[in-house]
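start04.cif, holding mmCIF, C-alpha atoms:
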```cif
data_coords
#
loop_
_atom_site.label_atom_id
_atom_site.label_comp_id
_atom_site.auth_asym_id
_atom_site.auth_seq_id
_atom_site.Cartn_x
_atom_site.Cartn_y
_atom_site.Cartn_z
CA MET F 1 73.99 -73.85 54.96
CA ASN F 2 75.36 -72.48 58.18
CA ALA F 3 73.28 -71.63 61.24
CA ALA F 4 74.79 -68.37 62.33
CA GLY F 5 73.09 -67.58 65.59
CA CYS F 6 70.28 -65.29 66.40
CA ILE F 7 69.40 -61.60 66.70
CA SER F 8 67.13 -60.75 69.63
CA VAL F 9 65.08 -57.55 69.39
CA ALA F 10 62.17 -56.63 71.65
CA GLY F 11 62.07 -60.20 72.94
CA TYR F 12 61.72 -61.66 69.44
CA HIS F 13 64.32 -64.03 68.04
CA PHE F 14 65.49 -63.73 64.44
CA GLY F 15 67.22 -66.97 63.46
CA LEU F 16 70.17 -66.49 61.10
CA THR F 17 71.30 -68.86 58.37
CA ASN F 18 74.21 -68.08 56.11
CA GLU F 19 73.63 -69.65 52.69
CA SER F 20 76.67 -67.92 51.22
CA THR F 21 80.31 -68.97 51.31
CA TYR F 22 81.37 -65.71 52.95
CA PRO F 23 81.47 -64.93 56.67
CA LEU F 24 78.74 -62.63 57.93
CA VAL F 25 79.43 -59.22 59.37
CA PHE F 26 76.95 -56.86 61.00
CA GLU F 27 77.13 -53.20 61.85
CA VAL F 28 78.62 -52.43 65.28
CA GLY F 29 75.19 -51.70 66.74
CA PHE F 30 74.28 -55.38 66.52
CA GLU F 31 76.99 -56.65 68.86
CA ASN F 32 74.81 -56.74 71.98
CA PHE F 33 71.78 -58.06 70.10
CA LEU F 34 73.52 -61.15 68.70
CA ASP F 35 72.89 -64.40 70.52
CA GLN F 36 73.45 -68.13 70.25
CA PRO F 37 71.06 -70.13 68.03
CA GLN F 38 67.65 -70.53 69.71
CA HIS F 39 65.48 -73.64 69.64
CA GLN F 40 62.50 -71.51 68.74
CA THR F 41 62.72 -68.47 66.53
CA ASP F 42 60.02 -65.95 65.60
CA VAL F 43 61.46 -64.96 62.23
CA GLN F 44 64.00 -66.69 60.00
CA LEU F 45 66.64 -64.75 58.06
CA ASN F 46 68.45 -66.61 55.27
CA PHE F 47 71.37 -64.77 53.70
CA HIS F 48 72.58 -65.25 50.11
CA GLU F 49 75.42 -63.79 48.07
CA GLY F 50 74.56 -62.03 44.81
CA PHE F 51 71.41 -60.68 43.23
CA GLN F 52 68.74 -62.39 41.18
CA ASP F 53 67.64 -61.14 37.76
CA LEU F 54 64.17 -59.79 38.34
CA ALA F 55 61.60 -57.80 36.44
CA PRO F 56 59.24 -56.70 39.18
CA ASN F 57 55.86 -55.11 38.49
CA LYS F 58 54.64 -51.76 39.73
CA ALA F 59 55.93 -50.84 43.16
CA LEU F 60 53.46 -50.96 46.02
CA TYR F 61 55.49 -48.43 47.94
CA GLN F 62 58.58 -46.28 47.56
CA ALA F 63 60.58 -44.57 50.28
CA LYS F 64 62.73 -41.66 49.15
CA ASN F 65 65.00 -39.09 50.71
CA GLY F 66 64.61 -36.22 48.28
CA ASN F 67 65.10 -37.83 44.88
CA GLN F 68 67.14 -40.67 46.38
CA LEU F 69 65.32 -44.00 46.53
CA LEU F 70 65.86 -45.76 49.86
CA TRP F 71 63.68 -48.81 49.29
CA GLU F 72 60.81 -50.10 47.20
CA ILE F 73 58.29 -52.81 47.90
CA TYR F 74 56.87 -55.04 45.16
CA PRO F 75 54.47 -57.94 45.04
CA TYR F 76 56.46 -61.03 44.05
CA GLN F 77 54.62 -64.33 43.60
CA ASP F 78 52.99 -64.83 47.01
CA GLN F 79 55.66 -62.80 48.76
CA ARG F 80 56.83 -59.22 49.15
CA LEU F 81 60.04 -58.12 47.51
CA PHE F 82 62.02 -55.31 49.10
CA LEU F 83 64.64 -53.62 46.94
CA VAL F 84 66.88 -51.71 49.31
CA TYR F 85 69.35 -49.09 48.13
CA HIS F 86 72.52 -47.63 49.59
CA PRO F 87 71.39 -44.39 51.28
CA GLU F 88 74.27 -42.37 49.79
CA THR F 89 75.20 -43.96 46.47
CA GLY F 90 71.74 -45.22 45.51
CA ALA F 91 73.21 -48.57 44.45
CA LEU F 92 71.12 -51.69 45.00
CA GLN F 93 72.20 -53.07 48.36
CA GLN F 94 69.75 -55.87 49.17
CA GLN F 95 67.06 -57.90 47.48
CA ALA F 96 64.89 -59.19 50.28
CA PHE F 97 62.01 -61.62 49.76
CA TYR F 98 59.57 -61.96 52.64
CA ASN F 99 57.19 -64.89 52.99
CA ALA F 100 54.65 -63.82 55.62
CA ASP F 101 53.19 -67.34 55.90
CA THR F 102 56.48 -68.85 57.06
CA ARG F 103 57.90 -65.59 58.45
CA THR F 104 61.03 -66.19 56.43
CA TRP F 105 63.26 -63.66 54.73
CA GLN F 106 65.60 -64.52 51.87
CA ILE F 107 68.05 -61.64 51.84
CA HIS F 108 70.47 -61.27 48.93
CA ALA F 109 73.47 -58.94 49.07
CA GLU F 110 76.77 -58.64 47.27
CA LYS F 111 79.99 -59.44 49.06
CA SER F 112 82.05 -56.59 50.37
CA THR F 113 85.45 -56.22 51.95
CA HIS F 114 85.97 -55.93 55.67
CA GLU F 115 89.48 -55.86 57.13
CA ALA F 116 90.91 -57.26 53.87
CA GLU F 117 88.47 -60.17 53.88
CA ASP F 118 85.51 -60.87 51.60
CA VAL F 119 82.38 -60.80 53.74
CA LEU F 120 78.60 -60.51 53.52
CA ASN F 121 76.92 -57.63 55.37
CA PRO F 122 73.28 -58.48 54.63
CA LEU F 123 71.57 -56.18 57.13
CA ALA F 124 73.37 -52.94 56.25
CA TYR F 125 71.17 -49.89 56.85
CA PRO F 126 68.34 -49.44 56.00
CA MET F 127 67.63 -53.18 55.72
CA ALA F 128 67.55 -53.92 59.45
CA PRO F 129 64.91 -51.31 60.40
CA LEU F 130 62.71 -52.81 57.67
CA LEU F 131 62.83 -56.11 59.56
CA TRP F 132 61.67 -54.42 62.76
CA TYR F 133 58.97 -52.58 60.82
CA VAL F 134 57.60 -55.70 59.15
CA LEU F 135 57.60 -57.46 62.52
CA SER F 136 55.55 -54.54 63.89
CA THR F 137 52.83 -55.26 61.31
CA GLU F 138 52.41 -58.79 62.68
CA GLU F 139 52.97 -58.41 66.42
CA PRO F 140 51.70 -56.01 69.11
CA LEU F 141 54.45 -53.55 68.28
CA LEU F 142 54.71 -49.92 67.24
CA LEU F 143 57.98 -48.63 65.77
CA VAL F 144 58.13 -44.98 66.77
CA HIS F 145 60.27 -41.89 66.33
CA ALA F 146 60.95 -41.23 70.01
CA SER F 147 63.47 -41.03 72.77
CA GLY F 148 62.77 -43.14 75.83
CA VAL F 149 64.04 -42.85 79.40
CA PHE F 150 63.61 -44.82 82.61
CA ASP F 151 64.18 -43.08 85.96
CA GLY F 152 64.01 -46.21 88.11
CA THR F 153 60.25 -46.18 88.54
CA HIS F 154 58.72 -44.62 85.43
CA GLY F 155 59.33 -45.12 81.72
CA ARG F 156 58.56 -42.13 79.51
CA ILE F 157 58.87 -41.54 75.80
CA PHE F 158 59.22 -38.21 73.97
CA SER F 159 58.01 -38.62 70.44
CA GLY F 160 58.33 -36.44 67.35
CA PHE F 161 60.36 -35.78 64.26
CA SER F 162 63.91 -34.42 64.20
CA GLY F 163 64.27 -31.05 65.88
CA VAL F 164 61.50 -31.26 68.48
CA GLY F 165 63.94 -32.06 71.27
CA LYS F 166 63.91 -35.85 71.57
CA SER F 167 67.66 -36.10 72.11
CA THR F 168 67.73 -33.00 74.30
CA MET F 169 65.12 -34.51 76.59
CA ALA F 170 67.09 -37.75 76.75
CA GLN F 171 70.25 -35.82 77.69
CA ILE F 172 68.45 -33.86 80.42
CA TRP F 173 67.07 -37.05 81.95
CA ALA F 174 70.43 -38.83 81.62
CA GLY F 175 72.07 -35.91 83.41
CA ASN F 176 69.69 -36.52 86.26
CA GLY F 177 70.44 -40.21 86.61
CA ALA F 178 67.88 -41.77 84.26
CA GLN F 179 68.71 -44.56 81.83
CA VAL F 180 68.28 -43.65 78.17
CA ILE F 181 66.73 -46.60 76.31
CA ASN F 182 67.31 -44.82 72.99
CA ASP F 183 67.15 -41.22 71.83
CA ASP F 184 65.73 -41.69 68.34
CA ARG F 185 63.85 -44.91 67.59
CA LEU F 186 61.98 -47.34 69.84
CA LEU F 187 59.80 -50.39 69.59
CA LEU F 188 56.76 -50.18 71.87
CA LYS F 189 55.28 -53.55 72.80
CA ARG F 190 51.90 -54.24 74.35
CA LEU F 191 52.10 -57.24 76.64
CA SER F 192 49.24 -59.70 77.07
CA ASN F 193 48.40 -58.20 80.47
CA GLY F 194 47.75 -54.79 78.90
CA THR F 195 50.97 -53.17 80.05
CA TRP F 196 53.53 -51.62 77.71
CA GLN F 197 57.28 -51.97 77.32
CA MET F 198 59.78 -50.00 75.27
CA PHE F 199 62.82 -51.53 73.57
CA ASN F 200 65.81 -50.15 71.71
CA THR F 201 66.91 -51.64 68.40
CA PRO F 202 70.40 -52.00 66.87
CA MET F 203 71.67 -48.60 65.74
CA TYR F 204 74.79 -47.46 63.87
CA TYR F 205 76.63 -47.28 67.21
CA SER F 206 77.14 -49.87 69.92
CA ASP F 207 74.67 -50.01 72.77
CA GLN F 208 73.26 -52.53 75.20
CA ASN F 209 70.02 -54.39 74.42
CA LYS F 210 67.71 -52.35 76.65
CA SER F 211 64.08 -52.24 77.68
CA CYS F 212 61.82 -50.92 80.41
CA ALA F 213 58.18 -50.44 81.27
CA LEU F 214 56.38 -47.58 79.52
CA HIS F 215 54.09 -45.38 81.61
CA GLN F 216 53.77 -41.99 79.87
CA VAL F 217 53.82 -40.74 76.27
CA TYR F 218 54.78 -37.12 75.52
CA PHE F 219 54.94 -35.11 72.32
CA PRO F 220 57.44 -32.33 73.05
CA PHE F 221 57.68 -28.99 71.27
CA HIS F 222 59.80 -25.91 71.87
CA SER F 223 57.99 -23.42 74.08
CA PRO F 224 58.82 -20.25 76.07
CA THR F 225 57.37 -21.95 79.17
CA ASN F 226 56.95 -25.54 80.27
CA SER F 227 53.38 -26.59 79.54
CA LEU F 228 51.31 -29.74 79.29
CA GLU F 229 48.17 -30.49 77.30
CA PRO F 230 46.62 -33.94 77.80
CA LEU F 231 45.40 -35.59 74.60
CA SER F 232 42.61 -38.12 74.20
CA GLY F 233 40.34 -39.68 71.61
CA ALA F 234 40.94 -39.29 67.91
CA LYS F 235 43.36 -36.40 68.40
CA ALA F 236 45.61 -38.53 70.62
CA LEU F 237 45.36 -41.42 68.16
CA ALA F 238 46.21 -39.21 65.19
CA THR F 239 49.20 -37.78 67.05
CA VAL F 240 50.55 -41.21 68.01
CA LEU F 241 50.12 -42.49 64.46
CA ALA F 242 51.82 -39.41 63.02
CA TYR F 243 55.07 -40.40 64.71
CA THR F 244 54.69 -44.15 64.25
CA ILE F 245 56.55 -45.57 61.27
CA HIS F 246 54.16 -46.77 58.55
CA HIS F 247 54.39 -48.04 55.05
CA GLY F 248 50.96 -46.73 54.22
CA TYR F 249 50.19 -48.98 51.25
CA ASP F 250 48.59 -51.83 53.16
CA ALA F 251 45.19 -51.27 54.79
CA GLN F 252 45.59 -54.32 57.05
CA HIS F 253 48.88 -53.02 58.39
CA LEU F 254 47.40 -49.57 58.99
CA LEU F 255 44.44 -51.11 60.76
CA HIS F 256 46.74 -53.26 62.89
CA HIS F 257 48.77 -50.22 63.94
CA SER F 258 45.74 -47.99 64.47
CA ASN F 259 44.06 -50.65 66.65
CA LEU F 260 47.22 -50.96 68.71
CA ALA F 261 47.70 -47.18 68.91
CA GLU F 262 44.11 -46.90 70.12
CA LYS F 263 44.96 -49.24 72.99
CA LEU F 264 48.03 -47.14 73.75
CA VAL F 265 46.08 -43.89 74.00
CA THR F 266 43.40 -45.45 76.20
CA GLU F 267 45.79 -47.34 78.48
CA LEU F 268 48.50 -44.70 78.99
CA PRO F 269 48.47 -40.93 79.57
CA ILE F 270 49.26 -39.01 76.37
CA ALA F 271 50.17 -35.32 76.34
CA LYS F 272 51.68 -32.55 74.30
CA LEU F 273 54.59 -31.08 76.22
CA GLY F 274 55.86 -27.53 75.83
CA VAL F 275 59.53 -27.63 76.80
CA VAL F 276 62.12 -25.17 78.01
CA PRO F 277 65.23 -27.38 77.77
CA THR F 278 66.51 -27.14 81.34
CA ASP F 279 66.51 -29.53 84.30
CA ALA F 280 63.32 -27.86 85.52
CA ILE F 281 61.34 -29.82 82.93
CA ILE F 282 61.88 -32.97 84.99
CA ASP F 283 60.15 -31.60 88.09
CA PHE F 284 57.48 -30.07 85.87
CA ILE F 285 56.74 -33.45 84.31
CA ARG F 286 56.74 -35.34 87.59
CA SER F 287 54.51 -32.79 89.31
CA ASN F 288 51.95 -33.09 86.51
CA GLU F 289 51.77 -36.89 86.44
CA MET D 1 28.20 -30.44 44.76
CA ASN D 2 26.95 -33.88 43.66
CA THR D 3 30.06 -34.25 41.51
CA LEU D 4 32.23 -33.58 44.58
CA LEU D 5 30.29 -36.21 46.52
CA GLN D 6 30.85 -38.80 43.82
CA GLU D 7 34.55 -38.02 43.63
CA ILE D 8 34.82 -38.35 47.41
CA ASN D 9 33.00 -41.68 47.19
CA GLN D 10 35.49 -42.95 44.62
CA ARG D 11 38.33 -42.07 47.00
CA LYS D 12 36.85 -43.76 50.08
CA PRO D 13 38.66 -47.09 49.50
CA HIS D 14 41.93 -45.17 49.79
CA PHE D 15 41.33 -44.51 53.48
CA VAL D 16 41.40 -46.64 56.59
CA CYS D 17 38.72 -45.44 59.02
CA LYS D 18 39.06 -45.69 62.76
CA ASN D 19 36.12 -44.97 65.04
CA THR D 20 36.98 -43.49 68.41
CA GLY D 21 33.73 -42.87 70.24
CA HIS D 22 31.90 -40.08 68.43
CA GLU D 23 34.87 -39.19 66.23
CA LEU D 24 36.25 -40.79 63.10
CA LEU D 25 39.90 -40.78 62.13
CA LEU D 26 40.66 -41.01 58.40
CA ILE D 27 44.06 -42.54 57.64
CA PRO D 28 45.12 -42.25 54.01
CA LEU D 29 46.69 -45.19 52.21
CA LYS D 30 49.89 -44.03 50.50
CA ASP D 31 52.39 -45.45 48.07
CA ASN D 32 55.19 -43.26 49.39
CA VAL D 33 56.30 -41.56 52.59
CA ALA D 34 55.16 -38.06 51.61
CA ASP D 35 52.61 -36.44 53.93
CA PHE D 36 52.10 -39.71 55.78
CA ASN D 37 51.00 -37.90 58.93
CA GLN D 38 48.12 -36.02 57.32
CA TYR D 39 45.25 -37.63 59.14
CA LEU D 40 41.79 -36.11 59.39
CA VAL D 41 39.63 -36.22 62.51
CA LEU D 42 35.90 -35.94 61.80
CA ASN D 43 33.45 -35.02 64.55
CA GLU D 44 30.13 -36.78 64.98
CA LEU D 45 28.44 -34.90 62.13
CA GLY D 46 31.46 -35.28 59.84
CA ALA D 47 31.62 -39.00 60.60
CA PHE D 48 27.89 -39.34 59.83
CA ILE D 49 28.35 -37.56 56.49
CA TRP D 50 31.33 -39.79 55.64
CA GLU D 51 29.26 -42.91 56.34
CA GLN D 52 26.37 -41.62 54.20
CA ILE D 53 28.48 -40.94 51.12
CA ASN D 54 28.03 -43.74 48.60
CA GLU D 55 27.51 -44.16 44.86
CA ASP D 56 23.84 -43.18 45.13
CA CYS D 57 24.47 -40.19 47.38
CA SER D 58 23.12 -36.76 46.40
CA LEU D 59 23.24 -33.46 48.23
CA GLU D 60 19.49 -33.55 48.72
CA ALA D 61 19.55 -37.06 50.20
CA LEU D 62 22.41 -36.10 52.46
CA GLN D 63 20.55 -33.03 53.74
CA GLU D 64 17.51 -35.15 54.48
CA ALA D 65 19.52 -37.82 56.29
CA ILE D 66 21.23 -35.19 58.45
CA PHE D 67 17.90 -33.52 59.19
CA ASN D 68 16.42 -36.83 60.32
CA GLU D 69 19.45 -37.77 62.43
CA PHE D 70 20.38 -34.47 64.05
CA ASP D 71 17.15 -32.48 63.94
CA ALA D 72 18.99 -29.32 62.89
CA PRO D 73 17.48 -26.41 60.91
CA SER D 74 17.58 -27.05 57.16
CA ALA D 75 19.28 -23.72 56.48
CA GLN D 76 22.06 -24.60 58.95
CA ILE D 77 22.54 -28.03 57.38
CA GLU D 78 22.76 -26.49 53.92
CA GLN D 79 25.29 -23.96 55.11
CA ASP D 80 27.40 -26.58 56.91
CA LEU D 81 27.45 -28.88 53.89
CA ALA D 82 28.37 -26.03 51.55
CA GLN D 83 31.48 -25.52 53.67
CA PHE D 84 32.29 -29.11 54.65
CA ILE D 85 31.91 -31.00 51.38
CA PRO D 86 34.49 -28.91 49.45
CA GLU D 87 36.89 -29.24 52.41
CA LEU D 88 36.40 -33.00 52.54
CA HIS D 89 36.85 -33.17 48.77
CA GLN D 90 40.07 -31.21 48.97
CA TYR D 91 41.43 -33.56 51.65
CA THR D 92 40.37 -36.82 50.06
CA CYS D 93 41.02 -36.01 46.41
CA ALA D 94 44.22 -33.95 46.71
CA LYS D 95 47.05 -35.58 44.74
#
```

Re-express the file's structure as structure tokens.
Amino acid sequence: MNAAGCISVAGYHFGLTNESTYPLVFEVGFENFLDQPQHQTDVQLNFHEGFQDLAPNKALYQAKNGNQLLWEIYPYQDQRLFLVYHPETGALQQQAFYNADTRTWQIHAEKSTHEAEDVLNPLAYPMAPLLWYVLSTEEPLLLVHASGVFDGTHGRIFSGFSGVGKSTMAQIWAGNGAQVINDDRLLLKRLSNGTWQMFNTPMYYSDQNKSCALHQVYFPFHSPTNSLEPLSGAKALATVLAYTIHHGYDAQHLLHHSNLAEKLVTELPIAKLGVVPTDAIIDFIRSNE
Amino acid sequence: MNTLLQEINQRKPHFVCKNTGHELLLIPLKDNVADFNQYLVLNELGAFIWEQINEDCSLEALQEAIFNEFDAPSAQIEQDLAQFIPELHQYTCAK
């Protein structure tokens, strides 16, 4: 057993223990999220080499990209078993057992080769985002499809699926001096004082571990003119949930996220945003806040 | 229509319901990622109808409950239900 440090995401510490004989490697996006071992951790990750022989029952949930399985979730004894597949080859990539009572993951992966050395890469995509997602079902967190920017005083997110202009909005704000927290995926955290923060998570590219206060939530769409439509009530809640990442098989998880999303839509301004992708959108947004 | 009501009732455990003031948001439980953003917002009358649907529910009982709660003309209630129940059935029972 080898304590191998800690991953810090959204202020939560994931303790790492390497139970294999191979050195651990992580994707480049983790480099600024790795930390020294912490006295107190929120979640424990134990890494093992090789897969177990299993005959799981019916899947609770399957995530696919077309016909390609990305991951499946099974009940396993008193735990959840995640079978995670390589997003291109479809080969089994991780067996991950999660014990919610102890908040401990046992993650099994096969060794691979990195710079001519046998290594273990146990959090290869899409395993890591599953960790952030499961954490979001237990903590005041929403994992959202959104870009987030901070202009020095205000934090804003622009949420939606691919193609609505999340990255474009981030580029426009970055060109005008704002810090981009991330342009695709964010963790939103409700603090105990009722305020909200946004955090980036490790991606496939290197980036700093970033966060800022969240003040405004926008749902952009392409439009011939800049426009803004405030949302409230059930419509706002449905819109937030539509772009929040869910594994919709567990009613308790859905209730947790919908309760949290309800707080978001009552505590922060929510609006649909028609966007012409020029710098003028920045003044338009500020003048309407 | 009573058959539709019973089929809706059988599907109710497959939804998480979230009250937001006078509206009700229906969130479907799913075993895959398909259509995961297809939520349904019910207004006050729709939310009332949803709450009334149970294993003993009939169209006649539903009409009477709405009449007592909302004091609307019977003909209007009948017309609204004739439109709403098939729509709710399509949403809740669609595979």

Which polymer residues have any atom within 12 Å of an atom of Gln52 of chain F, counting all atoms listed in the file, with same-chain residues fewer than 3 positions away left out, as a VMD selection string?
-> chain F and resid 48 to 49 55 to 56 81 83 92 94 to 97 106 to 110

Take the selection from the previous step and output its residues with C-alpha atoms, as a short mmCIF file (atom, residue, chain, number, x, y, z; two decimals), in the coordinates of the input.
```
data_model
loop_
_atom_site.label_atom_id
_atom_site.label_comp_id
_atom_site.auth_asym_id
_atom_site.auth_seq_id
_atom_site.Cartn_x
_atom_site.Cartn_y
_atom_site.Cartn_z
CA HIS F 48 72.58 -65.25 50.11
CA GLU F 49 75.42 -63.79 48.07
CA ALA F 55 61.60 -57.80 36.44
CA PRO F 56 59.24 -56.70 39.18
CA LEU F 81 60.04 -58.12 47.51
CA LEU F 83 64.64 -53.62 46.94
CA LEU F 92 71.12 -51.69 45.00
CA GLN F 94 69.75 -55.87 49.17
CA GLN F 95 67.06 -57.90 47.48
CA ALA F 96 64.89 -59.19 50.28
CA PHE F 97 62.01 -61.62 49.76
CA GLN F 106 65.60 -64.52 51.87
CA ILE F 107 68.05 -61.64 51.84
CA HIS F 108 70.47 -61.27 48.93
CA ALA F 109 73.47 -58.94 49.07
CA GLU F 110 76.77 -58.64 47.27
#
```

Excluding segment 44-55 of chain D and residues on its chain fewer than 4 positions from it, collect all residues at most 6 Å away from it, counting all atoms listed in the file, and give them as JSON, numbers by chain.
-> {"D": [9, 22, 23, 24]}

Write out as JSON lines a residue-level contact list of chain D versus chain F with cut-off 12 Å: for each qualifying residue the closest pair of atoms and the distance in Å to one decimal, counting all atoms listed in the file, rows sorted by chain and residue number upward.
```
{"residue": "D:Pro13", "atom": "CA", "partner": "F:Ala251", "partner_atom": "CA", "distance": 9.4}
{"residue": "D:His14", "atom": "CA", "partner": "F:Ala251", "partner_atom": "CA", "distance": 8.5}
{"residue": "D:Phe15", "atom": "CA", "partner": "F:Ala251", "partner_atom": "CA", "distance": 7.9}
{"residue": "D:Val16", "atom": "CA", "partner": "F:Ala251", "partner_atom": "CA", "distance": 6.2}
{"residue": "D:Cys17", "atom": "CA", "partner": "F:Leu255", "partner_atom": "CA", "distance": 8.2}
{"residue": "D:Lys18", "atom": "CA", "partner": "F:Ser258", "partner_atom": "CA", "distance": 7.3}
{"residue": "D:Asn19", "atom": "CA", "partner": "F:Ala234", "partner_atom": "CA", "distance": 8.0}
{"residue": "D:Thr20", "atom": "CA", "partner": "F:Ala234", "partner_atom": "CA", "distance": 5.8}
{"residue": "D:Gly21", "atom": "CA", "partner": "F:Gly233", "partner_atom": "CA", "distance": 7.5}
{"residue": "D:His22", "atom": "CA", "partner": "F:Gly233", "partner_atom": "CA", "distance": 9.0}
{"residue": "D:Glu23", "atom": "CA", "partner": "F:Ala234", "partner_atom": "CA", "distance": 6.3}
{"residue": "D:Leu24", "atom": "CA", "partner": "F:Ala234", "partner_atom": "CA", "distance": 6.9}
{"residue": "D:Leu25", "atom": "CA", "partner": "F:Ala234", "partner_atom": "CA", "distance": 6.1}
{"residue": "D:Leu26", "atom": "CA", "partner": "F:Ala238", "partner_atom": "CA", "distance": 9.0}
{"residue": "D:Ile27", "atom": "CA", "partner": "F:Leu254", "partner_atom": "CA", "distance": 7.9}
{"residue": "D:Pro28", "atom": "CA", "partner": "F:Gly248", "partner_atom": "CA", "distance": 7.4}
{"residue": "D:Leu29", "atom": "CA", "partner": "F:Gly248", "partner_atom": "CA", "distance": 5.0}
{"residue": "D:Lys30", "atom": "CA", "partner": "F:Gly248", "partner_atom": "CA", "distance": 4.7}
{"residue": "D:Asp31", "atom": "CA", "partner": "F:Tyr61", "partner_atom": "CA", "distance": 4.3}
{"residue": "D:Asn32", "atom": "CA", "partner": "F:Gln62", "partner_atom": "CA", "distance": 4.9}
{"residue": "D:Val33", "atom": "CA", "partner": "F:Ala63", "partner_atom": "CA", "distance": 5.7}
{"residue": "D:Ala34", "atom": "CA", "partner": "F:Ala63", "partner_atom": "CA", "distance": 8.6}
{"residue": "D:Asp35", "atom": "CA", "partner": "F:Ala242", "partner_atom": "CA", "distance": 9.6}
{"residue": "D:Phe36", "atom": "CA", "partner": "F:Ala242", "partner_atom": "CA", "distance": 7.3}
{"residue": "D:Asn37", "atom": "CA", "partner": "F:Ala242", "partner_atom": "CA", "distance": 4.4}
{"residue": "D:Gln38", "atom": "CA", "partner": "F:Ala242", "partner_atom": "CA", "distance": 7.6}
{"residue": "D:Tyr39", "atom": "CA", "partner": "F:Ala238", "partner_atom": "CA", "distance": 6.3}
{"residue": "D:Leu40", "atom": "CA", "partner": "F:Ala238", "partner_atom": "CA", "distance": 7.9}
{"residue": "D:Val41", "atom": "CA", "partner": "F:Ala234", "partner_atom": "CA", "distance": 6.3}
{"residue": "D:Leu42", "atom": "CA", "partner": "F:Ala234", "partner_atom": "CA", "distance": 8.6}
{"residue": "D:Asn43", "atom": "CA", "partner": "F:Ala234", "partner_atom": "CA", "distance": 9.3}
{"residue": "D:Glu44", "atom": "CA", "partner": "F:Ala234", "partner_atom": "CA", "distance": 11.5}
{"residue": "D:Ala47", "atom": "CA", "partner": "F:Ala234", "partner_atom": "CA", "distance": 11.8}
```

What does the distance between atom CA of Phe284 of chain F and atom CA of Lys189 of chain F come to in Å, to one decimal place?
->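 So the two atoms, atom CA of Phe284 of chain F and atom CA of Lys189 of chain F, lie 27.0 Å apart.
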
For Gly90 of chain F, work out the shell of residues within 8 Å, counting only C-alpha atoms and skipping chain neighbours fewer than 2 positions away, then give it as a PDB file with C-alpha atoms, keeping the file's coordinate frame.
```pdb
ATOM      1  CA  GLN F  68      67.140 -40.670  46.380  1.00  0.00           C
ATOM      2  CA  LEU F  69      65.320 -44.000  46.530  1.00  0.00           C
ATOM      3  CA  LEU F  70      65.860 -45.760  49.860  1.00  0.00           C
ATOM      4  CA  TYR F  85      69.350 -49.090  48.130  1.00  0.00           C
ATOM      5  CA  HIS F  86      72.520 -47.630  49.590  1.00  0.00           C
ATOM      6  CA  PRO F  87      71.390 -44.390  51.280  1.00  0.00           C
ATOM      7  CA  GLU F  88      74.270 -42.370  49.790  1.00  0.00           C
ATOM      8  CA  LEU F  92      71.120 -51.690  45.000  1.00  0.00           C
TER       9      LEU F  92
END
```

Computed interatomic separation between atom CA of Phe219 of chain F and atom CA of Ala174 of chain F (Å) = 18.4 Å

Enter the distance from atom CA of Trp132 of chain F to atom CA of Tyr204 of chain F, in Å, rounded to one decimal.
->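 Atom CA of Tyr204 of chain F lies 14.9 Å from atom CA of Trp132 of chain F.
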
Selection: 10 Å around segment 77-82 of chain D, all atoms listed in the file, excl. self and same-chain fewer than 3 positions, as a short mmCIF file (atom, residue, chain, number, x, y, z; two decimals) with C-alpha atoms, in the coordinates of the input:
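The resulting selection_22.cif:
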```
data_model
loop_
_atom_site.label_atom_id
_atom_site.label_comp_id
_atom_site.auth_asym_id
_atom_site.auth_seq_id
_atom_site.Cartn_x
_atom_site.Cartn_y
_atom_site.Cartn_z
CA MET D 1 28.20 -30.44 44.76
CA LEU D 45 28.44 -34.90 62.13
CA GLY D 46 31.46 -35.28 59.84
CA ILE D 49 28.35 -37.56 56.49
CA LEU D 59 23.24 -33.46 48.23
CA GLU D 60 19.49 -33.55 48.72
CA LEU D 62 22.41 -36.10 52.46
CA GLN D 63 20.55 -33.03 53.74
CA GLU D 64 17.51 -35.15 54.48
CA ILE D 66 21.23 -35.19 58.45
CA PHE D 67 17.90 -33.52 59.19
CA PHE D 70 20.38 -34.47 64.05
CA ASP D 71 17.15 -32.48 63.94
CA ALA D 72 18.99 -29.32 62.89
CA PRO D 73 17.48 -26.41 60.91
CA SER D 74 17.58 -27.05 57.16
CA ILE D 85 31.91 -31.00 51.38
CA PRO D 86 34.49 -28.91 49.45
CA GLU D 87 36.89 -29.24 52.41
CA LEU D 88 36.40 -33.00 52.54
#
```

Once the PyMOL selection byres ((chain F and resi 272) around 6) is applied to the coordinates I shared, what remains selected? I want it as an mmCIF file with C-alpha atoms, in the frame of the given file.
```
data_model
loop_
_atom_site.group_PDB
_atom_site.id
_atom_site.type_symbol
_atom_site.label_atom_id
_atom_site.label_comp_id
_atom_site.auth_asym_id
_atom_site.auth_seq_id
_atom_site.Cartn_x
_atom_site.Cartn_y
_atom_site.Cartn_z
ATOM 1 C CA TYR F 218 54.780 -37.120 75.520
ATOM 2 C CA PHE F 219 54.940 -35.110 72.320
ATOM 3 C CA PRO F 220 57.440 -32.330 73.050
ATOM 4 C CA LEU F 228 51.310 -29.740 79.290
ATOM 5 C CA GLU F 229 48.170 -30.490 77.300
ATOM 6 C CA ALA F 271 50.170 -35.320 76.340
ATOM 7 C CA LEU F 273 54.590 -31.080 76.220
#
```

Between F:Pro126, F:Glu289, F:Asp118, F:Ala280, which has the minimum distance to Ile172 of chain F (counting only C-alpha atoms)?
->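 That would be F:Ala280, the residue with the smallest distance to Ile172 of chain F.
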
Determine the residue set returned by the PyMOL selection byres ((chain F and resi 35) around 10) for the present structure, and present it as a PyMOL selection string.
-> chain F and resi 4-8+13-15+30-34+36-38
